[in-house]
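Printed here is coords.pdb (PDB, C-alpha atoms):
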```pdb
ATOM      1  CA  MET A   1       0.000   0.000   0.000
ATOM      2  CA  LEU A   2       1.293   3.462  -0.859
ATOM      3  CA  ALA A   3       2.820   5.418   2.020
ATOM      4  CA  GLU A   4       1.378   8.814   1.062
ATOM      5  CA  PRO A   5      -2.284   8.121   1.928
ATOM      6  CA  THR A   6      -1.458   6.015   4.969
ATOM      7  CA  LYS A   7       0.949   8.331   6.796
ATOM      8  CA  PRO A   8      -1.732  10.848   7.878
ATOM      9  CA  LEU A   9      -3.840   7.929   9.057
ATOM     10  CA  ARG A  10      -0.953   6.594  11.117
ATOM     11  CA  ASP A  11      -0.595   9.961  12.806
ATOM     12  CA  GLU A  12      -4.291  10.054  13.610
ATOM     13  CA  LEU A  13      -4.269   6.467  14.869
ATOM     14  CA  ARG A  14      -1.397   7.385  17.195
ATOM     15  CA  TRP A  15      -3.532  10.208  18.542
ATOM     16  CA  LEU A  16      -6.441   7.844  19.121
ATOM     17  CA  ALA A  17      -4.176   5.249  20.732
ATOM     18  CA  ALA A  18      -2.864   7.881  23.137
ATOM     19  CA  GLU A  19      -6.401   8.853  24.152
ATOM     20  CA  LEU A  20      -7.438   5.233  24.616
ATOM     21  CA  GLY A  21      -4.209   4.464  26.440
ATOM     22  CA  ALA A  22      -4.671   7.246  28.973
ATOM     23  CA  ALA A  23      -8.128   5.971  29.937
ATOM     24  CA  ARG A  24      -6.970   2.373  29.955
ATOM     25  CA  ASP A  25      -3.945   3.157  32.149
ATOM     26  CA  ALA A  26      -6.111   5.056  34.626
ATOM     27  CA  GLU A  27      -8.571   2.163  34.819
ATOM     28  CA  VAL A  28      -5.860  -0.494  35.197
ATOM     29  CA  LEU A  29      -4.067   1.571  37.809
ATOM     30  CA  ARG A  30      -7.220   2.088  39.838
ATOM     31  CA  GLU A  31      -8.167  -1.588  39.813
ATOM     32  CA  ARG A  32      -4.605  -2.748  40.410
ATOM     33  CA  LEU A  33      -3.926  -0.512  43.402
ATOM     34  CA  VAL A  34      -7.344  -0.770  45.013
ATOM     35  CA  ARG A  35      -7.043  -4.558  44.878
ATOM     36  CA  SER A  36      -3.456  -4.501  46.130
ATOM     37  CA  VAL A  37      -4.003  -2.099  49.013
ATOM     38  CA  ALA A  38      -7.026  -4.072  50.163
ATOM     39  CA  SER A  39      -4.838  -7.163  50.396
ATOM     40  CA  LEU A  40      -2.220  -5.503  52.605
ATOM     41  CA  ASP A  41      -2.011  -6.518  56.225
ATOM     42  CA  ASP A  42      -3.094  -3.906  58.761
ATOM     43  CA  VAL A  43      -0.926  -0.899  58.040
ATOM     44  CA  PRO A  44       1.023   0.177  61.129
ATOM     45  CA  ARG A  45       0.402   3.801  62.036
ATOM     46  CA  PRO A  46       3.484   5.982  61.467
ATOM     47  CA  ALA A  47       4.976   7.400  64.644
ATOM     48  CA  GLY A  48       3.394  10.664  65.769
ATOM     49  CA  THR A  49       0.148  10.176  63.873
ATOM     50  CA  ASP A  50      -2.892  11.514  65.715
ATOM     51  CA  THR A  51      -5.021   8.519  66.715
ATOM     52  CA  ALA A  52      -8.097  10.692  66.391
ATOM     53  CA  ASP A  53      -7.429  11.115  62.696
ATOM     54  CA  PRO A  54     -10.320   9.415  60.904
ATOM     55  CA  ALA A  55      -7.956   8.348  58.153
ATOM     56  CA  ASP A  56      -6.792   5.312  60.128
ATOM     57  CA  ALA A  57      -5.229   2.219  58.621
ATOM     58  CA  GLY A  58      -8.607   0.686  57.899
ATOM     59  CA  ALA A  59      -9.587   3.703  55.806
ATOM     60  CA  VAL A  60      -6.524   3.517  53.563
ATOM     61  CA  PRO A  61      -8.280   1.494  50.808
ATOM     62  CA  ALA A  62     -11.041   4.113  50.654
ATOM     63  CA  LEU A  63      -8.483   6.924  50.428
ATOM     64  CA  VAL A  64      -6.679   5.148  47.590
ATOM     65  CA  ALA A  65      -9.936   4.464  45.749
ATOM     66  CA  GLU A  66     -10.939   8.124  46.099
ATOM     67  CA  GLN A  67      -7.673   9.466  44.687
ATOM     68  CA  LEU A  68      -7.496   7.020  41.804
ATOM     69  CA  GLY A  69     -11.205   7.130  41.055
ATOM     70  CA  SER A  70     -11.027  10.845  40.385
ATOM     71  CA  ALA A  71      -8.145  10.407  37.921
ATOM     72  CA  TYR A  72      -9.999   7.615  36.139
ATOM     73  CA  ARG A  73     -13.203   9.646  35.786
ATOM     74  CA  GLN A  74     -11.292  12.545  34.271
ATOM     75  CA  ALA A  75      -9.509  10.284  31.770
ATOM     76  CA  HIS A  76     -12.761   8.514  30.885
ATOM     77  CA  GLU A  77     -14.615  11.777  30.324
ATOM     78  CA  GLN A  78     -11.779  13.054  28.144
ATOM     79  CA  LEU A  79     -11.931   9.899  26.047
ATOM     80  CA  LEU A  80     -15.706  10.173  25.578
ATOM     81  CA  THR A  81     -15.254  13.764  24.444
ATOM     82  CA  GLN A  82     -12.721  12.718  21.826
ATOM     83  CA  LEU A  83     -14.859   9.826  20.602
ATOM     84  CA  ASP A  84     -17.676  12.326  20.013
ATOM     85  CA  SER A  85     -15.413  14.754  18.145
ATOM     86  CA  GLU A  86     -15.331  15.657  14.481
ATOM     87  CA  ARG A  87     -11.696  14.545  14.387
ATOM     88  CA  TYR A  88     -12.680  11.009  15.346
ATOM     89  CA  ARG A  89     -15.476  10.913  12.776
ATOM     90  CA  ARG A  90     -13.058  12.039  10.062
ATOM     91  CA  LEU A  91     -10.686   9.270  11.058
ATOM     92  CA  LEU A  92     -13.414   6.628  10.792
ATOM     93  CA  GLN A  93     -14.388   7.904   7.357
ATOM     94  CA  ALA A  94     -10.764   7.935   6.192
ATOM     95  CA  LEU A  95     -10.309   4.351   7.332
ATOM     96  CA  GLN A  96     -13.466   3.313   5.510
ATOM     97  CA  ASP A  97     -12.259   5.036   2.345
ATOM     98  CA  LEU A  98      -8.890   3.309   2.599
ATOM     99  CA  VAL A  99     -10.505  -0.115   2.907
ATOM    100  CA  SER A 100     -12.947   0.585   0.079
ATOM    101  CA  ARG A 101     -10.371   2.060  -2.301
ATOM    102  CA  PRO A 102      -6.871   0.911  -1.268
ATOM    103  CA  GLN A 103      -3.993   2.455  -3.190
ATOM    104  CA  LEU A 104      -1.670  -0.474  -3.735
ATOM    105  CA  THR A 105       1.941  -0.607  -4.860
ATOM    106  CA  PRO A 106       3.191  -2.860  -7.688
ATOM    107  CA  ARG A 107       4.338  -5.287  -4.998
ATOM    108  CA  ALA A 108       0.685  -6.173  -4.429
ATOM    109  CA  GLN A 109       0.758  -8.054  -7.760
ATOM    110  CA  ARG A 110       3.487 -10.420  -6.555
ATOM    111  CA  PRO A 111       2.798 -13.859  -5.009
ATOM    112  CA  ALA A 112       1.697 -13.606  -1.380
ATOM    113  CA  GLY A 113       3.944 -16.517  -0.434
ATOM    114  CA  LYS A 114       6.999 -14.441  -1.302
ATOM    115  CA  VAL A 115       5.962 -10.977  -0.164
ATOM    116  CA  LEU A 116       4.085 -11.498   3.092
ATOM    117  CA  PRO A 117       6.665 -13.510   5.073
ATOM    118  CA  ARG A 118       9.245 -10.816   4.422
ATOM    119  CA  ARG A 119       6.883  -8.154   5.721
ATOM    120  CA  VAL A 120       6.349 -10.093   8.934
ATOM    121  CA  ALA A 121      10.080 -10.793   9.208
ATOM    122  CA  ARG A 122      10.775  -7.072   8.944
ATOM    123  CA  THR A 123       8.531  -6.282  11.897
ATOM    124  CA  TYR A 124      10.147  -9.084  13.891
ATOM    125  CA  ALA A 125      13.625  -7.723  13.110
ATOM    126  CA  ALA A 126      12.613  -4.380  14.626
ATOM    127  CA  LEU A 127      11.378  -6.168  17.747
ATOM    128  CA  ASP A 128      14.570  -8.210  17.994
ATOM    129  CA  ASP A 129      16.677  -5.050  17.801
ATOM    130  CA  LEU A 130      14.747  -3.411  20.641
ATOM    131  CA  VAL A 131      15.029  -6.498  22.828
ATOM    132  CA  ARG A 132      18.776  -6.713  22.258
ATOM    133  CA  ARG A 133      19.159  -3.059  23.211
ATOM    134  CA  ALA A 134      17.057  -3.576  26.323
ATOM    135  CA  GLN A 135      19.117  -6.582  27.343
ATOM    136  CA  ARG A 136      22.293  -4.501  27.106
ATOM    137  CA  ALA A 137      20.829  -1.556  29.020
ATOM    138  CA  PRO A 138      21.287  -1.319  32.795
ATOM    139  CA  SER A 139      18.241  -1.666  35.007
ATOM    140  CA  GLY A 140      16.336   1.572  35.339
ATOM    141  CA  HIS A 141      14.540   4.118  33.185
ATOM    142  CA  GLU A 142      16.400   3.372  29.941
ATOM    143  CA  ARG A 143      15.710  -0.359  30.149
ATOM    144  CA  ASP A 144      12.076   0.248  31.087
ATOM    145  CA  GLU A 145      11.606   2.535  28.085
ATOM    146  CA  LEU A 146      13.171   0.021  25.705
ATOM    147  CA  LEU A 147      10.979  -2.777  27.040
ATOM    148  CA  HIS A 148       7.956  -0.509  26.595
ATOM    149  CA  GLU A 149       8.938   0.094  22.965
ATOM    150  CA  ALA A 150       9.476  -3.657  22.576
ATOM    151  CA  ARG A 151       5.940  -4.261  23.823
ATOM    152  CA  LYS A 152       4.555  -1.981  21.129
ATOM    153  CA  ALA A 153       6.764  -3.629  18.513
ATOM    154  CA  ALA A 154       5.569  -7.067  19.637
ATOM    155  CA  LYS A 155       1.994  -5.927  19.102
ATOM    156  CA  GLN A 156       2.864  -4.967  15.518
ATOM    157  CA  VAL A 157       4.501  -8.353  14.911
ATOM    158  CA  ARG A 158       1.475 -10.117  16.337
ATOM    159  CA  TYR A 159      -0.946  -8.173  14.134
ATOM    160  CA  ALA A 160       1.216  -8.813  11.066
ATOM    161  CA  ALA A 161       1.314 -12.553  11.748
ATOM    162  CA  GLU A 162      -2.403 -12.766  12.485
ATOM    163  CA  ALA A 163      -3.182 -10.877   9.272
ATOM    164  CA  VAL A 164      -1.462 -13.518   7.145
ATOM    165  CA  ALA A 165      -2.619 -16.580   9.106
ATOM    166  CA  ALA A 166      -5.291 -17.271   6.471
ATOM    167  CA  VAL A 167      -2.469 -17.781   3.951
ATOM    168  CA  PHE A 168       0.165 -19.524   6.068
ATOM    169  CA  GLY A 169      -2.069 -21.413   8.483
ATOM    170  CA  LYS A 170      -0.623 -23.081  11.568
ATOM    171  CA  ASP A 171       2.891 -21.715  11.050
ATOM    172  CA  ALA A 172       1.695 -18.119  11.317
ATOM    173  CA  THR A 173      -0.781 -18.957  14.079
ATOM    174  CA  ARG A 174       1.866 -20.593  16.277
ATOM    175  CA  PHE A 175       4.234 -17.694  15.674
ATOM    176  CA  ALA A 176       1.513 -15.155  16.538
ATOM    177  CA  ARG A 177       0.679 -17.073  19.711
ATOM    178  CA  ALA A 178       4.311 -16.938  20.856
ATOM    179  CA  VAL A 179       4.502 -13.217  20.091
ATOM    180  CA  THR A 180       1.308 -12.655  22.053
ATOM    181  CA  GLU A 181       2.929 -14.212  25.126
ATOM    182  CA  VAL A 182       5.864 -11.820  24.789
ATOM    183  CA  GLN A 183       3.494  -8.883  24.384
ATOM    184  CA  GLU A 184       1.478  -9.841  27.451
ATOM    185  CA  VAL A 185       4.433 -10.221  29.817
ATOM    186  CA  LEU A 186       5.865  -6.936  28.586
ATOM    187  CA  GLY A 187       2.455  -5.384  29.165
ATOM    188  CA  GLU A 188       2.525  -6.592  32.752
ATOM    189  CA  HIS A 189       5.986  -5.093  33.153
ATOM    190  CA  GLN A 190       4.824  -1.757  31.747
ATOM    191  CA  ASP A 191       1.799  -1.741  34.048
ATOM    192  CA  SER A 192       4.192  -2.145  36.967
ATOM    193  CA  VAL A 193       6.370   0.714  35.717
ATOM    194  CA  VAL A 194       3.366   3.036  35.369
ATOM    195  CA  THR A 195       2.040   1.962  38.757
ATOM    196  CA  ARG A 196       5.324   2.736  40.500
ATOM    197  CA  GLN A 197       5.480   6.153  38.888
ATOM    198  CA  ARG A 198       1.952   6.903  40.012
ATOM    199  CA  LEU A 199       2.642   5.641  43.532
ATOM    200  CA  GLN A 200       5.500   8.101  43.852
ATOM    201  CA  ASP A 201       3.225  10.948  42.781
ATOM    202  CA  LEU A 202       0.460   9.900  45.153
ATOM    203  CA  ALA A 203       2.799   9.502  48.117
ATOM    204  CA  HIS A 204       3.872  13.150  47.917
ATOM    205  CA  THR A 205       0.353  14.412  48.648
ATOM    206  CA  ALA A 206      -1.065  11.523  50.656
ATOM    207  CA  ARG A 207      -1.910  11.388  54.351
ATOM    208  CA  PRO A 208       0.667   9.520  56.448
ATOM    209  CA  GLU A 209      -1.326   6.288  56.574
ATOM    210  CA  ALA A 210      -1.820   6.201  52.823
ATOM    211  CA  ALA A 211       1.785   7.244  52.140
ATOM    212  CA  PHE A 212       3.004   4.327  54.228
ATOM    213  CA  ALA A 213       0.742   1.961  52.277
ATOM    214  CA  TYR A 214       2.003   3.402  48.999
ATOM    215  CA  GLY A 215       5.549   2.615  50.086
ATOM    216  CA  ARG A 216       4.624  -0.999  50.707
ATOM    217  CA  LEU A 217       2.823  -1.175  47.383
ATOM    218  CA  TYR A 218       5.869   0.280  45.639
ATOM    219  CA  ALA A 219       7.981  -2.549  47.034
ATOM    220  CA  GLN A 220       5.387  -5.046  45.813
ATOM    221  CA  GLU A 221       5.481  -3.550  42.334
ATOM    222  CA  GLU A 222       9.273  -3.800  42.244
ATOM    223  CA  ALA A 223       8.886  -7.519  42.907
ATOM    224  CA  HIS A 224       6.197  -7.774  40.223
ATOM    225  CA  ALA A 225       8.480  -6.055  37.704
ATOM    226  CA  ALA A 226      11.337  -8.425  38.482
ATOM    227  CA  ALA A 227       9.025 -11.413  38.079
ATOM    228  CA  SER A 228       7.658 -10.093  34.771
ATOM    229  CA  GLU A 229      11.197  -9.648  33.424
ATOM    230  CA  ALA A 230      11.930 -13.279  34.293
ATOM    231  CA  ASP A 231       8.707 -14.285  32.505
ATOM    232  CA  PHE A 232       9.760 -12.182  29.535
ATOM    233  CA  ASP A 233      13.134 -13.919  29.280
ATOM    234  CA  GLU A 234      11.324 -17.249  29.133
ATOM    235  CA  ALA A 235       8.746 -16.049  26.590
ATOM    236  CA  TRP A 236      11.431 -14.458  24.424
ATOM    237  CA  SER A 237      13.491 -17.653  24.388
ATOM    238  CA  ALA A 238      10.391 -19.565  23.287
ATOM    239  CA  LEU A 239       9.687 -17.069  20.491
ATOM    240  CA  ARG A 240      13.228 -17.349  19.157
ATOM    241  CA  ALA A 241      12.871 -21.092  18.559
ATOM    242  CA  LYS A 242      13.917 -21.801  14.976
ATOM    243  CA  ARG A 243      10.854 -23.926  14.257
ATOM    244  CA  LEU A 244       8.662 -20.821  14.639
ATOM    245  CA  HIS A 245      10.625 -18.855  12.024
ATOM    246  CA  ARG A 246      10.955 -21.317   9.171
ATOM    247  CA  TRP A 247       7.964 -19.932   7.304
ATOM    248  CA  LEU A 248       9.470 -16.421   7.366
ATOM    249  CA  ARG A 249      12.352 -17.368   5.088
TER     250      ARG A 249
END
```

Just give me the structure as structure tokens.
Amino acid sequence: MLAEPTKPLRDELRWLAAELGAARDAEVLRERLVRSVASLDDVPRPAGTDTADPADAGAVPALVAEQLGSAYRQAHEQLLTQLDSERYRRLLQALQDLVSRPQLTPRAQRPAGKVLPRRVARTYAALDDLVRRAQRAPSGHERDELLHEARKAAKQVRYAAEAVAAVFGKDATRFARAVTEVQEVLGEHQDSVVTRQRLQDLAHTARPEAAFAYGRLYAQEEAHAAASEADFDEAWSALRAKRLHRWLR
């Protein structure tokens, strides 16, 4: 497909993905932290806290739900506004026009068995490069960012493989399934990264009881991130199995 008509659509789809992502992140964060804080043992009261303060340890889950619920409602309302906008309607129409009247390149006349595997292989090569860079990066922000980019790249590989499954059957399906596992464990890692960032923000303005709980939750999320990286190493090794790549040659 020609790049000229698709580039503006890509830009608009990135905009839509950002709007959807903000609402999704707020929802996941709310559910994740409300569930986690409710599972904590009784939170010891920090030294010097007034026992008459109604925000005692038992009220911490309610305080967390209140703070995160407000952020979720704002993100959800913003998303609904965008989905009711003229910009969104123009995007839907442009996508419909593209599907109805695709502008194809001469490559579209070539045999699918030769063209399509190379297209999937190209997306996988981009994913492989990101993973290699992440593996070389030290733990911290740089590694987290590279793993986040790898998650997005894995999603592209998965979609590419699923799109050609009707042509290549079980080979493409098995490959897509393995990529999906990589995408999911990287998604769990990214959720942990976002959660830790949000916990730091919340702790700065929280009451002492809630701040103490946030600290415990932060430690939990560090453990979750470490576990998800171990899961990723296993999923990545499985995806790299040669038997899954034979059809891409």

field: Distance query Leu147 of chain A at most 7 Å, all atoms listed in the file, self and fewer than 6 positions along chain excluded, as a ChimeraX atom specification
entry: /A:131,134,186

Store the residues picked out above in a file with C-alpha atoms, as a CSV table (one decimal), keeping the file's coordinate frame.
```csv
chain,number,residue,atom,x,y,z
A,131,VAL,CA,15.0,-6.5,22.8
A,134,ALA,CA,17.1,-3.6,26.3
A,186,LEU,CA,5.9,-6.9,28.6
```

Residue nearest Gln67 of chain A among A:Glu229, A:Glu149, A:Glu222, A:Asp201 (counting all atoms listed in the file):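 That would be A:Asp201, the residue with the smallest distance to Gln67 of chain A.
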
message: Using Å and a single decimal, report how far atom CA of Lys152 of chain A sits from atom CA of Leu16 of chain A.
response: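 Distance reported for this atom pair: 14.9 Å.
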
task: Provide the atom CA of Leu95 of chain A to atom CA of Leu9 of chain A distance in Å, to one decimal place.
output: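 Atom CA of Leu9 of chain A lies 7.6 Å from atom CA of Leu95 of chain A.
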
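Using all atoms listed in the file for every distance, the candidate list A:Leu91, A:Val194, A:Ala126, A:Gln103 yields A:Val194 as the residue closest to Gly21 of chain A.
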
message: Using all atoms listed in the file for the distances, tell me which of A:Val28, A:Ala166, A:Ala121, A:Ala23 is nearest to Arg73 of chain A.
response: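 Closest to Arg73 of chain A, using all atoms listed in the file: A:Ala23.
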